[in-house]
Amino acid sequence: MPTKPTPICGQHNLPKEWRPTSFEYNDDGVSVRVPNVYAWVCPIDGEASYTPETTDELIVTVRELIETAKRAKARRAAFTEYIVAVQ
Ligand SMILES: [Zn+2]
């Protein structure tokens with residue numbers, strides 16, 4: 001958990017909760033979902049705010065996964081969904 005003070009949702013005026021979210025990204029018919037990404041989440045509407053460190057890592061991860069998926073799409077691969085995990 002970050003040591004910074006708990007951020008407040010400006011829209012609902014409530015403290016956000018530090019909890020896992022599922023990050024999703026769509027680009028040109030390819031979608032990437034990264035589960036268990038911790039973020040500050042509004043308890044009312046569930047909007048997630050990612051820390052700068054998390055955002056940096058998500059950008060790199062999603063870019064690599066999108067490239068892989070687009071190559072598969074270009075060669076009309078039979079498999080259209082992958083689940084990848086690092087132990
Ligand atoms: Zn809110």
# chains A, B, ... in the order shown; residues from 1 in each chain; ligands from 1
call {"tool": "residues_near_ligand", "arguments": {"ligand": "ligand 1", "cutoff": "7 Å", "atoms": "only C-alpha atoms and all ligand atoms", "output": "list in words"}}
result
Cys9, Gly10, Gln11, His12, Asn13, Leu14, Cys42, Pro43, Ile44, Asp45 and Glu47 of chain A
call {"tool": "select_by_dssp", "arguments": {"residues": "segment 2-31 of chain A", "states": "strand (DSSP E or B)", "output": "ChimeraX atom specification"}}
result
/A:8-9,14-15,17-27,30-31
call {"tool": "residues_around", "arguments": {"residues": "Leu58 of chain A", "least_positions_apart": "4", "cutoff": "12 Å", "atoms": "only C-alpha atoms", "output": "ChimeraX atom specification"}}
result
/A:22-25,32-39,50-54,62-66
call {"tool": "write_last_selection", "arguments": {"atoms": "N, CA and C atoms", "output": "PDB file, in the first residue's frame"}}
result
ATOM      1  N   SER A  22      -9.332  -4.776 -12.364  1.00  0.00           N
ATOM      2  CA  SER A  22      -9.015  -5.434 -13.620  1.00  0.00           C
ATOM      3  C   SER A  22      -8.832  -4.334 -14.660  1.00  0.00           C
ATOM      4  N   PHE A  23      -7.591  -4.184 -15.139  1.00  0.00           N
ATOM      5  CA  PHE A  23      -7.306  -3.143 -16.123  1.00  0.00           C
ATOM      6  C   PHE A  23      -7.626  -3.665 -17.518  1.00  0.00           C
ATOM      7  N   GLU A  24      -8.379  -2.879 -18.283  1.00  0.00           N
ATOM      8  CA  GLU A  24      -8.734  -3.313 -19.637  1.00  0.00           C
ATOM      9  C   GLU A  24      -8.364  -2.255 -20.656  1.00  0.00           C
ATOM     10  N   TYR A  25      -7.900  -2.721 -21.823  1.00  0.00           N
ATOM     11  CA  TYR A  25      -7.491  -1.812 -22.885  1.00  0.00           C
ATOM     12  C   TYR A  25      -7.908  -2.403 -24.223  1.00  0.00           C
ATOM     13  N   VAL A  32      -6.974  -6.238 -24.241  1.00  0.00           N
ATOM     14  CA  VAL A  32      -6.078  -6.797 -23.235  1.00  0.00           C
ATOM     15  C   VAL A  32      -6.710  -6.566 -21.875  1.00  0.00           C
ATOM     16  N   ARG A  33      -6.711  -7.591 -21.038  1.00  0.00           N
ATOM     17  CA  ARG A  33      -7.210  -7.436 -19.674  1.00  0.00           C
ATOM     18  C   ARG A  33      -6.138  -7.901 -18.704  1.00  0.00           C
ATOM     19  N   VAL A  34      -5.792  -7.066 -17.761  1.00  0.00           N
ATOM     20  CA  VAL A  34      -4.797  -7.404 -16.751  1.00  0.00           C
ATOM     21  C   VAL A  34      -5.504  -7.423 -15.391  1.00  0.00           C
ATOM     22  N   PRO A  35      -5.730  -8.626 -14.810  1.00  0.00           N
ATOM     23  CA  PRO A  35      -6.423  -8.675 -13.528  1.00  0.00           C
ATOM     24  C   PRO A  35      -5.493  -8.383 -12.353  1.00  0.00           C
ATOM     25  N   ASN A  36      -6.074  -8.089 -11.207  1.00  0.00           N
ATOM     26  CA  ASN A  36      -5.324  -7.910  -9.953  1.00  0.00           C
ATOM     27  C   ASN A  36      -4.322  -6.773 -10.006  1.00  0.00           C
ATOM     28  N   VAL A  37      -4.715  -5.661 -10.600  1.00  0.00           N
ATOM     29  CA  VAL A  37      -3.882  -4.461 -10.608  1.00  0.00           C
ATOM     30  C   VAL A  37      -4.390  -3.559  -9.484  1.00  0.00           C
ATOM     31  N   TYR A  38      -3.525  -3.278  -8.495  1.00  0.00           N
ATOM     32  CA  TYR A  38      -3.958  -2.445  -7.366  1.00  0.00           C
ATOM     33  C   TYR A  38      -4.068  -0.989  -7.785  1.00  0.00           C
ATOM     34  N   ALA A  39      -5.121  -0.339  -7.308  1.00  0.00           N
ATOM     35  CA  ALA A  39      -5.370   1.068  -7.634  1.00  0.00           C
ATOM     36  C   ALA A  39      -6.234   1.674  -6.544  1.00  0.00           C
ATOM     37  N   TYR A  50      -4.777   4.822 -11.058  1.00  0.00           N
ATOM     38  CA  TYR A  50      -3.541   4.051 -10.938  1.00  0.00           C
ATOM     39  C   TYR A  50      -2.391   4.970 -10.548  1.00  0.00           C
ATOM     40  N   THR A  51      -1.467   4.439  -9.766  1.00  0.00           N
ATOM     41  CA  THR A  51      -0.283   5.222  -9.403  1.00  0.00           C
ATOM     42  C   THR A  51       0.581   5.384 -10.655  1.00  0.00           C
ATOM     43  N   PRO A  52       1.464   6.405 -10.670  1.00  0.00           N
ATOM     44  CA  PRO A  52       2.337   6.584 -11.842  1.00  0.00           C
ATOM     45  C   PRO A  52       3.186   5.351 -12.128  1.00  0.00           C
ATOM     46  N   GLU A  53       3.671   4.686 -11.051  1.00  0.00           N
ATOM     47  CA  GLU A  53       4.498   3.486 -11.250  1.00  0.00           C
ATOM     48  C   GLU A  53       3.687   2.388 -11.932  1.00  0.00           C
ATOM     49  N   THR A  54       2.461   2.192 -11.454  1.00  0.00           N
ATOM     50  CA  THR A  54       1.598   1.167 -12.043  1.00  0.00           C
ATOM     51  C   THR A  54       1.266   1.518 -13.487  1.00  0.00           C
ATOM     52  N   VAL A  62       1.006  -3.707 -21.711  1.00  0.00           N
ATOM     53  CA  VAL A  62      -0.068  -3.715 -22.697  1.00  0.00           C
ATOM     54  C   VAL A  62       0.495  -3.582 -24.108  1.00  0.00           C
ATOM     55  N   ARG A  63       1.540  -2.739 -24.287  1.00  0.00           N
ATOM     56  CA  ARG A  63       2.138  -2.572 -25.614  1.00  0.00           C
ATOM     57  C   ARG A  63       2.673  -3.902 -26.136  1.00  0.00           C
ATOM     58  N   GLU A  64       3.380  -4.636 -25.272  1.00  0.00           N
ATOM     59  CA  GLU A  64       3.938  -5.924 -25.687  1.00  0.00           C
ATOM     60  C   GLU A  64       2.838  -6.921 -26.030  1.00  0.00           C
ATOM     61  N   LEU A  65       1.797  -6.957 -25.216  1.00  0.00           N
ATOM     62  CA  LEU A  65       0.723  -7.925 -25.444  1.00  0.00           C
ATOM     63  C   LEU A  65      -0.077  -7.588 -26.706  1.00  0.00           C
ATOM     64  N   ILE A  66      -0.298  -6.297 -26.946  1.00  0.00           N
ATOM     65  CA  ILE A  66      -1.033  -5.875 -28.144  1.00  0.00           C
ATOM     66  C   ILE A  66      -0.250  -6.267 -29.402  1.00  0.00           C
TER      67      ILE A  66
END
call {"tool": "select_by_dssp", "arguments": {"residues": "chain A", "states": "alpha helix (DSSP H)", "output": "list in words"}}
result
Pro52, Glu53, Thr54, Thr55, Asp56, Glu57, Leu58, Ile59, Val60, Thr61, Val62, Arg63, Glu64, Leu65, Ile66, Glu67, Thr68, Ala69, Lys70, Arg71, Ala72, Lys73 and Ala74 of chain A
call {"tool": "closest_residue", "arguments": {"among": "A:Ala85, A:Val30, A:Ala48, A:Ile8", "to": "Ala72 of chain A", "atoms": "only C-alpha atoms"}}
result
A:Val30
call {"tool": "decode", "arguments": {"residues": "segment 34-53 of chain A", "atoms": "N, CA and C atoms", "output": "CSV table (one decimal), in the first residue's frame"}}
result
chain,number,residue,atom,x,y,z
A,34,VAL,N,-5.8,-7.1,-17.8
A,34,VAL,CA,-4.8,-7.4,-16.8
A,34,VAL,C,-5.5,-7.4,-15.4
A,35,PRO,N,-5.7,-8.6,-14.8
A,35,PRO,CA,-6.4,-8.7,-13.5
A,35,PRO,C,-5.5,-8.4,-12.4
A,36,ASN,N,-6.1,-8.1,-11.2
A,36,ASN,CA,-5.3,-7.9,-10.0
A,36,ASN,C,-4.3,-6.8,-10.0
A,37,VAL,N,-4.7,-5.7,-10.6
A,37,VAL,CA,-3.9,-4.5,-10.6
A,37,VAL,C,-4.4,-3.6,-9.5
A,38,TYR,N,-3.5,-3.3,-8.5
A,38,TYR,CA,-4.0,-2.4,-7.4
A,38,TYR,C,-4.1,-1.0,-7.8
A,39,ALA,N,-5.1,-0.3,-7.3
A,39,ALA,CA,-5.4,1.1,-7.6
A,39,ALA,C,-6.2,1.7,-6.5
A,40,TRP,N,-6.3,3.0,-6.5
A,40,TRP,CA,-7.2,3.7,-5.7
A,40,TRP,C,-8.6,3.7,-6.4
A,41,VAL,N,-9.6,3.2,-5.7
A,41,VAL,CA,-10.9,3.0,-6.4
A,41,VAL,C,-12.0,3.7,-5.6
A,42,CYS,N,-12.8,4.5,-6.3
A,42,CYS,CA,-13.9,5.2,-5.8
A,42,CYS,C,-15.0,4.2,-5.3
A,43,PRO,N,-15.4,4.2,-4.0
A,43,PRO,CA,-16.4,3.2,-3.5
A,43,PRO,C,-17.8,3.4,-4.2
A,44,ILE,N,-18.0,4.5,-4.8
A,44,ILE,CA,-19.4,4.7,-5.4
A,44,ILE,C,-19.4,4.2,-6.8
A,45,ASP,N,-18.6,4.7,-7.7
A,45,ASP,CA,-18.7,4.3,-9.1
A,45,ASP,C,-17.6,3.4,-9.6
A,46,GLY,N,-16.7,3.0,-8.7
A,46,GLY,CA,-15.6,2.0,-9.0
A,46,GLY,C,-14.6,2.6,-10.0
A,47,GLU,N,-14.5,3.9,-10.2
A,47,GLU,CA,-13.5,4.4,-11.0
A,47,GLU,C,-12.1,4.3,-10.4
A,48,ALA,N,-11.2,3.7,-11.2
A,48,ALA,CA,-9.8,3.4,-10.6
A,48,ALA,C,-8.8,4.5,-11.0
A,49,SER,N,-8.0,4.8,-10.0
A,49,SER,CA,-6.9,5.7,-10.3
A,49,SER,C,-5.6,5.0,-10.0
A,50,TYR,N,-4.8,4.8,-11.1
A,50,TYR,CA,-3.5,4.1,-10.9
A,50,TYR,C,-2.4,5.0,-10.5
A,51,THR,N,-1.5,4.4,-9.8
A,51,THR,CA,-0.3,5.2,-9.4
A,51,THR,C,0.6,5.4,-10.7
A,52,PRO,N,1.5,6.4,-10.7
A,52,PRO,CA,2.3,6.6,-11.8
A,52,PRO,C,3.2,5.4,-12.1
A,53,GLU,N,3.7,4.7,-11.1
A,53,GLU,CA,4.5,3.5,-11.3
A,53,GLU,C,3.7,2.4,-11.9
